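Enquirer: Quick one: the structure is below, and I'll ask about it shortly.
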Amino acid sequence: MTAPSPAHVWVDGRLLAADEPHLSAFDRGFQLGDGVFETLRARGGRPTELAEHVARLGRSAAGLSILLPGDIEQLLIAAIAALLGAEGLDGPEGDASIRITVSRGAFFGRGLLPPDEHPTPTVVVQAWPVPPVPAGHLENGLHLVTSSVRRDPENPLVGLKTTSRADYVFARVEAREAGADDALFLTTDGFLSEATSANLFLVRGDELATPSLACAILPGTTRDWILRWAEGVGLRTNEAWLTTRDLADADEAFLSSSVAGILPVTRFAAELIGEGRPGAWTLRARADREAFFRGS
């Protein structure tokens with residue numbers, strides 16, 4: 001099911017029609033992918049884990065020396081509220097995916113970096129209704145393959161959520177061409193890293209394992225929530241250097257992201273994981289995360 005197209009977008013303090021021009025052709029985000037972003041979910045008009053996303057946005061911006069407005073969190077609270085209201089997604093049943101994008105802004109010179117000035121950042125907020133997860137994803141689980149793109153744990157950019165996403169697009173194309181749902185990145189040494197827009201978890205007995213932050217992954221807000229959840233339900237957590245063999249031999253596997261929540265993984269490189277169907281811990285984690293979204 002395709003979600004309806006948004007009718008509005010919030011740009012630098014203004015609510016604009018989605019189909020009118022919004023950005024300068026000189027904007028660094030358009031020119032160079034020189035920006036950062038966050039994606040989160042809002043249920044019933046309430047953004048989920050906004051403070052955590054703003055904190056990560058700040059870390060990503062600092063990594064590229066992009067100066068965020070000092071009141072960025074309050075600015076985003078007002079922007080999200082205005083946008084959800086305009087899109088009719090602020091009611092009790094509203095369920096929205098929110099994207100916050102900040103670019104370095106418009107610079108009318110040339111070169112990789114403005115020499116002695118900080119352009120005013122461009123701040124954009126978008127909202128889409130969250131469509132139902134395809135039934136097959138929950139009933140049958142996802143099929144993953146590995147990408148040919150390798151992640152370097154020594155690269156200082158791997159922990160920043162930047163708008164430069166060509167690697168991720170390329171990996172998703174690889175997955176599509178392989179008949180899979182998503183692709184997993186490996187590190188340069190062959191360890192599991194992350195999927196194109198989600199963190200990876202494995203269940204092995206009473207252990208919940210996930211790639212270490214040192215494995216060139218983005219520190220996901222949902223990842224943090226799952227690690228806390230696991231300790232409360234009796235699972236031992238293990239942030240480790242994991243291999244494709246660990247994934248193939250796991251009892252269960254799942255992906256986690258801010259909008260999709262938790263999705264089961266049942267095949268890797270065309271081979272079944274565990275019994276080849278969503279496992280009990282995966283389904284419990286998804287149910288508990290959805291309840292968290294609803295505030296129950």
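To be explicit about the labels: the chains of the structure tokens are called A, B, and onward in the order shown, and within each one the residues are counted from 1, while ligands get numbers from 1 in the order they are shown.
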Near region 254-256 of chain A, within 9 Å and counting only C-alpha atoms, which residues show up once chain neighbours fewer than 5 positions away are dropped, as a list in words?
Expert: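 Surrounding residues, per the criterion: Gly141, Leu142, Glu194, Ala195, Ser197, Ala198, Asn199, Leu200, Phe201, Leu202, Val203, Gly220, Thr222, Arg223, Ile226, Gly261, Ile262, Leu263, Pro264, Val265, Thr266, Pro278 and Thr282 of chain A.
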Enquirer: Can you tell me, as a ChimeraX atom specification, which residues in region 8-216 of chain A count as helix (DSSP H, G or I) by DSSP?
Expert: /A:28-32,50-63,72-87,135-139,166-177,213-215
Enquirer: For the selection just defined, write its residues with C-alpha atoms to a file, as a compact mmCIF listing (two decimals), in the first residue's frame.
Expert:
```txt
# COMPACT_ATOMS: atom_id res chain seq x y z
CA ARG A 28 24.90 22.69 -0.05
CA GLY A 29 22.59 19.80 0.66
CA PHE A 30 21.54 19.70 -2.99
CA GLN A 31 25.01 20.41 -4.34
CA LEU A 32 27.10 18.06 -2.19
CA LEU A 50 12.47 13.44 19.98
CA ALA A 51 15.12 14.43 22.51
CA GLU A 52 17.26 11.44 21.54
CA HIS A 53 16.92 12.24 17.85
CA VAL A 54 17.76 15.91 18.41
CA ALA A 55 20.84 14.88 20.38
CA ARG A 56 22.01 12.62 17.54
CA LEU A 57 21.22 15.36 15.00
CA GLY A 58 23.46 17.65 17.03
CA ARG A 59 26.30 15.11 17.07
CA SER A 60 26.03 14.59 13.32
CA ALA A 61 25.95 18.33 12.65
CA ALA A 62 28.95 18.91 14.90
CA GLY A 63 30.84 16.22 13.00
CA ILE A 72 16.67 23.67 17.55
CA GLU A 73 14.59 21.35 19.76
CA GLN A 74 11.88 23.94 20.42
CA LEU A 75 11.97 24.91 16.75
CA LEU A 76 11.39 21.28 15.75
CA ILE A 77 8.62 20.77 18.31
CA ALA A 78 6.71 23.69 16.78
CA ALA A 79 7.50 22.59 13.22
CA ILE A 80 6.35 19.02 13.76
CA ALA A 81 3.14 20.15 15.46
CA ALA A 82 2.33 22.57 12.61
CA LEU A 83 3.10 19.99 9.94
CA LEU A 84 1.14 17.17 11.58
CA GLY A 85 -1.82 19.50 11.96
CA ALA A 86 -1.66 20.58 8.33
CA GLU A 87 -1.44 16.96 7.16
CA ALA A 135 1.57 -8.72 5.69
CA GLY A 136 4.30 -10.87 4.17
CA HIS A 137 6.98 -9.04 6.12
CA LEU A 138 5.37 -10.00 9.41
CA GLU A 139 4.12 -13.44 8.45
CA ALA A 166 24.78 6.90 -2.27
CA ASP A 167 26.28 3.82 -0.58
CA TYR A 168 22.91 2.96 0.93
CA VAL A 169 21.03 3.47 -2.32
CA PHE A 170 23.58 1.28 -4.12
CA ALA A 171 23.19 -1.47 -1.51
CA ARG A 172 19.40 -1.37 -1.75
CA VAL A 173 19.68 -1.69 -5.55
CA GLU A 174 21.88 -4.75 -5.01
CA ALA A 175 19.24 -6.25 -2.74
CA ARG A 176 16.49 -5.62 -5.25
CA GLU A 177 18.49 -7.17 -8.06
CA LEU A 213 29.14 0.27 17.91
CA ALA A 214 32.73 -0.32 16.78
CA CYS A 215 31.40 -2.19 13.71
```
Enquirer: Which is closer to Ala180 (chain A) than all the others in A:Ala7, A:Leu144, A:Ala291, A:Leu208, using only C-alpha atoms?
Expert: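 The shortest atom-to-atom distance to Ala180 (chain A) comes from A:Leu144.
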Enquirer: Show which residues sit within 6 Å of region 241-244 of chain A, as a ChimeraX atom specification. Count only C-alpha atoms, and ignore same-chain residues fewer than 5 positions away.
Expert: /A:191-192,211
Enquirer: Using C-alpha atoms, can you write the selected residues to a file as a PDB file, in the first residue's frame?
Expert:
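So the final result, stored in selection.pdb, reads:
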```pdb
ATOM      1  CA  PHE A 191      32.048  -8.568  10.333  1.00  0.00           C
ATOM      2  CA  LEU A 192      28.354  -7.728  10.359  1.00  0.00           C
ATOM      3  CA  PRO A 211      26.913  -5.653  16.213  1.00  0.00           C
TER       4      PRO A 211
END
```
Enquirer: Looking at A:Phe268, A:Glu231, A:His22, A:Ala260, which one is nearest to Pro134 (chain A), with distances taken over only C-alpha atoms?
Expert: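 The closest residue to Pro134 (chain A) is A:Ala260.
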Enquirer: What lies within 6 Å of Arg99 (chain A) using only C-alpha atoms, ignoring chain neighbours under 3 positions off, as a list in words?
Expert: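 In the requested form, the answer reads Glu38, Thr39, Val125 and Gln126 of chain A.
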Enquirer: I need the residues from that last selection saved to file as an mmCIF file, in the first residue's frame (with all heavy atoms), if you can.
Expert:
```cif
data_model
loop_
_atom_site.group_PDB
_atom_site.id
_atom_site.type_symbol
_atom_site.label_atom_id
_atom_site.label_comp_id
_atom_site.auth_asym_id
_atom_site.auth_seq_id
_atom_site.Cartn_x
_atom_site.Cartn_y
_atom_site.Cartn_z
ATOM 1 N N GLU A 38 17.456 13.183 10.485
ATOM 2 C CA GLU A 38 16.902 12.234 11.433
ATOM 3 C C GLU A 38 15.514 11.826 10.957
ATOM 4 O O GLU A 38 14.809 12.632 10.333
ATOM 5 C CB GLU A 38 16.776 12.842 12.842
ATOM 6 C CG GLU A 38 18.079 12.984 13.585
ATOM 7 C CD GLU A 38 18.669 11.647 13.992
ATOM 8 O OE1 GLU A 38 17.898 10.746 14.411
ATOM 9 O OE2 GLU A 38 19.902 11.494 13.909
ATOM 10 N N THR A 39 15.134 10.608 11.245
ATOM 11 C CA THR A 39 13.790 10.124 10.944
ATOM 12 C C THR A 39 13.205 9.534 12.210
ATOM 13 O O THR A 39 13.873 8.750 12.897
ATOM 14 C CB THR A 39 13.819 9.059 9.839
ATOM 15 O OG1 THR A 39 14.456 9.596 8.686
ATOM 16 C CG2 THR A 39 12.414 8.642 9.458
ATOM 17 N N VAL A 125 11.406 20.024 7.558
ATOM 18 C CA VAL A 125 10.687 18.940 8.229
ATOM 19 C C VAL A 125 9.602 18.434 7.283
ATOM 20 O O VAL A 125 8.868 19.230 6.692
ATOM 21 C CB VAL A 125 10.058 19.392 9.560
ATOM 22 C CG1 VAL A 125 9.351 18.215 10.249
ATOM 23 C CG2 VAL A 125 11.120 19.980 10.482
ATOM 24 N N GLN A 126 9.533 17.122 7.123
ATOM 25 C CA GLN A 126 8.537 16.478 6.270
ATOM 26 C C GLN A 126 7.782 15.422 7.078
ATOM 27 O O GLN A 126 8.301 14.903 8.068
ATOM 28 C CB GLN A 126 9.210 15.823 5.062
ATOM 29 C CG GLN A 126 9.912 16.797 4.133
ATOM 30 C CD GLN A 126 10.894 16.106 3.229
ATOM 31 O OE1 GLN A 126 12.049 15.894 3.596
ATOM 32 N NE2 GLN A 126 10.446 15.723 2.031
#
```
Enquirer: Which residues, written as a PDB file with N, CA, C and O atoms, in the first residue's frame, have at least one atom at most 7 Å from Val102 (chain A), with only C-alpha atoms counted and residues fewer than 6 positions away on the same chain left out?
Expert:
```
ATOM      1  N   GLY A  35      24.878  17.680   4.551  1.00  0.00           N
ATOM      2  CA  GLY A  35      23.833  17.875   5.549  1.00  0.00           C
ATOM      3  C   GLY A  35      23.653  16.634   6.393  1.00  0.00           C
ATOM      4  O   GLY A  35      24.320  15.609   6.197  1.00  0.00           O
ATOM      5  N   VAL A  36      22.736  16.735   7.336  1.00  0.00           N
ATOM      6  CA  VAL A  36      22.452  15.640   8.260  1.00  0.00           C
ATOM      7  C   VAL A  36      20.941  15.507   8.382  1.00  0.00           C
ATOM      8  O   VAL A  36      20.191  16.421   8.037  1.00  0.00           O
ATOM      9  N   PHE A  37      20.497  14.358   8.883  1.00  0.00           N
ATOM     10  CA  PHE A  37      19.055  14.182   9.002  1.00  0.00           C
ATOM     11  C   PHE A  37      18.728  13.190  10.105  1.00  0.00           C
ATOM     12  O   PHE A  37      19.589  12.460  10.605  1.00  0.00           O
ATOM     13  N   PRO A 121      21.984  27.607   8.126  1.00  0.00           N
ATOM     14  CA  PRO A 121      21.547  26.257   7.764  1.00  0.00           C
ATOM     15  C   PRO A 121      20.111  26.257   7.240  1.00  0.00           C
ATOM     16  O   PRO A 121      19.283  27.083   7.626  1.00  0.00           O
ATOM     17  N   THR A 122      19.838  25.359   6.335  1.00  0.00           N
ATOM     18  CA  THR A 122      18.483  25.107   5.865  1.00  0.00           C
ATOM     19  C   THR A 122      17.888  23.991   6.724  1.00  0.00           C
ATOM     20  O   THR A 122      18.498  22.932   6.867  1.00  0.00           O
ATOM     21  N   VAL A 123      16.726  24.242   7.317  1.00  0.00           N
ATOM     22  CA  VAL A 123      16.064  23.250   8.167  1.00  0.00           C
ATOM     23  C   VAL A 123      14.727  22.884   7.532  1.00  0.00           C
ATOM     24  O   VAL A 123      13.891  23.759   7.285  1.00  0.00           O
ATOM     25  N   VAL A 124      14.538  21.611   7.253  1.00  0.00           N
ATOM     26  CA  VAL A 124      13.337  21.120   6.592  1.00  0.00           C
ATOM     27  C   VAL A 124      12.720  20.001   7.425  1.00  0.00           C
ATOM     28  O   VAL A 124      13.446  19.137   7.939  1.00  0.00           O
TER      29      VAL A 124
END
```
Enquirer: Just want the 6 Å neighbourhood of region 88-95 of chain A, counted on only C-alpha atoms, with same-chain residues fewer than 4 positions away dropped. Output as a ChimeraX atom specification.
Expert: /A:42-45,84,129-130
Enquirer: Using DSSP on the backbone, list every residue of region 130-169 of chain A that comes out as strand (DSSP E or B), and give them as number ranges by chain.
Expert: A: 142-151, 162
Enquirer: Pick out the closest residue to Pro119 (chain A) from this set: A:Gly33, A:Glu275, A:Leu186, A:Asp27. Count only C-alpha atoms.
Expert: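 Ranking A:Gly33, A:Glu275, A:Leu186, A:Asp27 by distance to Pro119 (chain A), first place goes to A:Asp27.
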Enquirer: My list of candidates is A:Ser257, A:Asn155, A:Thr163, A:Thr187. Which is closest to Trp225 (chain A) when distances are computed with only C-alpha atoms?
Expert: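 Closest candidate: A:Ser257.
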Enquirer: Would you mind telling me which residue in A:Ala240, A:Val9, A:Val158, A:Ala18 lies nearest to Ile217 (chain A) when using only C-alpha atoms?
Expert: A:Val158
Enquirer: With only C-alpha atoms as the atoms that count, which of A:Leu64, A:Ile100, A:Leu184, A:Ala17 lies nearest to Arg41 (chain A)?
Expert: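 Among the listed residues, the smallest separation from Arg41 (chain A) belongs to A:Ile100.
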Enquirer: Would you compute the distance between CA of Arg150 (chain A) and CA of Ala269 (chain A)? Give it in Å to one decimal.
Expert: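 The value is 16.9 Å.
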Enquirer: Have a look at CA of Leu272 (chain A) and CA of Asp182 (chain A) and let me know their distance in Å, one decimal.
Expert: 15.3 Å
Enquirer: Please report the interatomic distance between CA of Gly279 (chain A) and CA of Gly190 (chain A) in Å with one decimal.
Expert: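 It comes out at 26.3 Å.
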